[in-house]
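Each remark here refers to the structure printed beneath this line.
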Amino acid sequence: MNVSSVAETMRLLGAQARSASRLMARASAADKARALRQLARLLRERGQPLAAANQTDLARAKAAGDLSAPLLDRLKLTPATLETCAQGCEQLAAMPNIVGEVWGLREQPSGIRVGRMRVPIGVFGMIYESRPNVTIEAASLSIKSGNACILRGGSEALASNQALAALVREALASASLPPDAVQLVPTADRAAVGHLIAMPDYVDLIIPRGGRGLIERISREAKVPVIKHLDGNCHTYIDDPCDLDLAVTVTDNAKTQKYSPCNATESLLVARGAARDFLPRIGAVFAAKGVEMRCDAQSRAILQAVPGAQIKDADEADWSAEYLAPIISIKVVADVDEAIAHINRYSSHHTDAILTRDHQHAQRFLREVDSASVMVNASTRFADGFEYGLSAEIGISTDKFHARGPVGVEGLTSLKWVVLGQGQIRG
């Protein structure tokens, strides 16, 4: 596809999405729920053709040899993955409809009543890599929130995404909703991304989901707002006092339950008063699981006595690193004040947790740590839309505007002011 035809294709998609968004904004809750339930049925019924499309992508990726084993694994559309997607659609269908809600109505001295109404964003563009299940997550959230969306998946998943997008359009049509409310960019040409992020007449929001390079490029070049997060350098802080058994169990889970997600703990801070009791215990857990510990001088002095411990000296880069691997940085801090200061300096503002028995320390941590999710006595691995009761999420935002943390239906809406009067005029 040449440059001019890519531009024409993207303008057409944009115009169709804008028209569809106006129809979706007035769609009934019943019609949206019907489309989501039909999509769930189609995902279960069409497993065989979806698997065939997915095999096309997998075979092409293996032949090219340019995807690592973890990325190949993310590319797979297993029956379990499809069932999870179907259940997500059903859960969204069952959730209350928040679009059109008016809240906070207050009568003013003039007699007018002023409040705010929740409305769809309009059109959002989603740019993502590897995981074809994101096509269903984005489409289902778009339908529930009354938006239209333009999806641009990775070239490695093109056949899978096309097959999934066709099911979405079929489900929309079955509920008398516009099929163009969910459109997949039909080309793997990278120029399409440049057009998608620079069409403010047609696109109201861009959501990138992928590696740092992709997100940095989009943030730099986009001409419409972007919901983003660049890194997941999450911290767990062990306070003094704390429940040591709880602290060991939660820290172990936060780091080792799965290494690759952006909500896995990458940096461990330990209050000096708890270090000698806590560090040998968690060090033994990490040693048994092959986790490399990159330590400051104080933590190293304690951990080097742990049999089998893999220990290295931490450098400045380790305090802000997102490893996505069995590696963790460890630092002993004086107290909760130093922990908060360290986190606010080095954190990626994704998710940070305190494990403590001190209520005042917990409240200070919640108030003062400047991150999208802040936790008390819980694993950072809970920073997830499903775990937060959102049913599905379209990504995690570390921005500070309306959508922060896991972005679900509410994050794909905005608020506008509404004024109700009975003929009042301003004097």
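Scheme for the structure tokens: letters A, B, ... for chains in order shown; per-chain residue numbers from 1; ligand numbers from 1 in order shown.
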Problem set entry | Residue neighbourhood stretch 143-150 of chain A, 6 Å, only C-alpha atoms, exclusion window fewer than 5 positions, as a PyMOL selection string | chain A and resi 17+21+24-25+120+122-125+181-184+409
Write out as a PDB file with C-alpha atoms, in the first residue's frame which residues come within 12 Å of A:Lys312 when counting only C-alpha atoms, dropping same-chain ones fewer than 2 positions away.
```pdb
ATOM      1  CA  VAL A 291      16.060 -14.192  41.904  1.00  0.00           C
ATOM      2  CA  GLU A 292      19.104 -11.966  41.562  1.00  0.00           C
ATOM      3  CA  MET A 293      19.301  -9.297  44.288  1.00  0.00           C
ATOM      4  CA  ARG A 294      20.948  -5.960  43.474  1.00  0.00           C
ATOM      5  CA  CYS A 295      21.692  -4.456  46.839  1.00  0.00           C
ATOM      6  CA  ASP A 296      22.862  -1.322  48.558  1.00  0.00           C
ATOM      7  CA  ALA A 297      25.659  -1.719  51.121  1.00  0.00           C
ATOM      8  CA  SER A 299      21.161  -4.890  52.554  1.00  0.00           C
ATOM      9  CA  ARG A 300      24.183  -6.662  51.071  1.00  0.00           C
ATOM     10  CA  ALA A 301      25.813  -6.933  54.487  1.00  0.00           C
ATOM     11  CA  LEU A 303      21.913 -10.876  52.642  1.00  0.00           C
ATOM     12  CA  GLN A 304      25.405 -12.181  51.860  1.00  0.00           C
ATOM     13  CA  ALA A 309      21.892 -15.897  47.354  1.00  0.00           C
ATOM     14  CA  GLN A 310      22.716 -14.236  44.019  1.00  0.00           C
ATOM     15  CA  ALA A 314      23.173  -1.952  42.885  1.00  0.00           C
ATOM     16  CA  ASP A 315      24.070   1.119  40.862  1.00  0.00           C
ATOM     17  CA  ASP A 318      18.880  -0.061  39.350  1.00  0.00           C
ATOM     18  CA  ILE A 327      15.921  -9.512  39.369  1.00  0.00           C
ATOM     19  CA  ILE A 328      15.064  -7.115  42.184  1.00  0.00           C
ATOM     20  CA  SER A 329      16.791  -4.064  43.655  1.00  0.00           C
ATOM     21  CA  ILE A 330      16.939  -3.889  47.451  1.00  0.00           C
TER      22      ILE A 330
END
```
Problem set entry | Distance query A:Ile343 at most 12 Å, only C-alpha atoms, self and fewer than 6 positions along chain excluded, as a list in words |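 Listing them by chain and then by number gives Asn233, Cys234, His235, Thr236, Tyr237, Glu266, Ser267, Leu268, Leu269, Trp319, Ser320, Lys331, Val333, Val336, Asp337, His349, His350, Thr351, Asp352, Ala353, Ile354, Phe365, Glu368, Val369, Asp370, Ser371 and Val374 of chain A.
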For this session: Mind listing the strand (DSSP E) residues of stretch 77-112 of chain A, per DSSP on the backbone, as a PyMOL selection string?
Result: chain A and resi 102-107
Problem set entry | Residue contacts of stretch 225-232 of chain A (8 Å, only C-alpha atoms) excluding same-chain residues fewer than 6 positions away, as a VMD selection string | chain A and resid 204 to 209 211 to 212 215 to 216 218 to 219 262 to 264 322 348 to 351 396 to 399 403
Exercise. For A:Glu338, which residue among A:Met375, A:Leu172, A:Ala271, A:Cys89 is the nearest when counting only C-alpha atoms?
Worked result: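 When distances to A:Glu338 are compared using only C-alpha atoms, the smallest one comes from A:Ala271.
Comparing the minimum interatomic distances between A:Gly47 and each of A:Ser110, A:Ser347, A:Ser160, A:Gln424, counting only C-alpha atoms, we find that A:Ser160 sits nearest.
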Problem set entry | Backbone DSSP call of helix (DSSP H, G or I) for stretch 113-178 of chain A, listed as a ChimeraX atom specification | /A:133-145,155-174
Problem set entry | Coordinates-based distance that separates atom CA of A:Ile282 from atom CA of A:Asp245 (Å, one decimal) | 10.0 Å
Problem set entry | Atomic separation - atom CA of A:Ala222 relative to atom CA of A:Ala198, Å |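 Spanning atom CA of A:Ala198 to atom CA of A:Ala222 is a straight-line distance of 5.6 Å.
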Exercise. Can you list, as a PyMOL selection string, every protein, DNA or RNA residue that comes within 7 Å of stretch 389-391 of chain A when you count only C-alpha atoms, leaving out same-chain residues fewer than 6 positions away?
Worked result: chain A and resi 88+91-92+408
Expected file: the selected residues, N, CA, C and O atoms, as an mmCIF file, in the first residue's frame:
```
data_model
loop_
_atom_site.group_PDB
_atom_site.id
_atom_site.type_symbol
_atom_site.label_atom_id
_atom_site.label_comp_id
_atom_site.auth_asym_id
_atom_site.auth_seq_id
_atom_site.Cartn_x
_atom_site.Cartn_y
_atom_site.Cartn_z
ATOM 1 N N GLY A 88 -15.280 -11.981 29.803
ATOM 2 C CA GLY A 88 -15.144 -10.531 29.980
ATOM 3 C C GLY A 88 -16.272 -9.770 29.306
ATOM 4 O O GLY A 88 -16.806 -8.801 29.860
ATOM 5 N N GLN A 91 -19.373 -10.201 31.440
ATOM 6 C CA GLN A 91 -19.301 -9.391 32.660
ATOM 7 C C GLN A 91 -19.573 -7.925 32.359
ATOM 8 O O GLN A 91 -20.288 -7.246 33.109
ATOM 9 N N LEU A 92 -19.044 -7.432 31.241
ATOM 10 C CA LEU A 92 -19.324 -6.050 30.852
ATOM 11 C C LEU A 92 -20.806 -5.856 30.554
ATOM 12 O O LEU A 92 -21.402 -4.844 30.933
ATOM 13 N N GLY A 408 -10.796 1.366 32.650
ATOM 14 C CA GLY A 408 -11.954 0.585 32.243
ATOM 15 C C GLY A 408 -12.981 1.464 31.567
ATOM 16 O O GLY A 408 -12.650 2.464 30.924
#
```
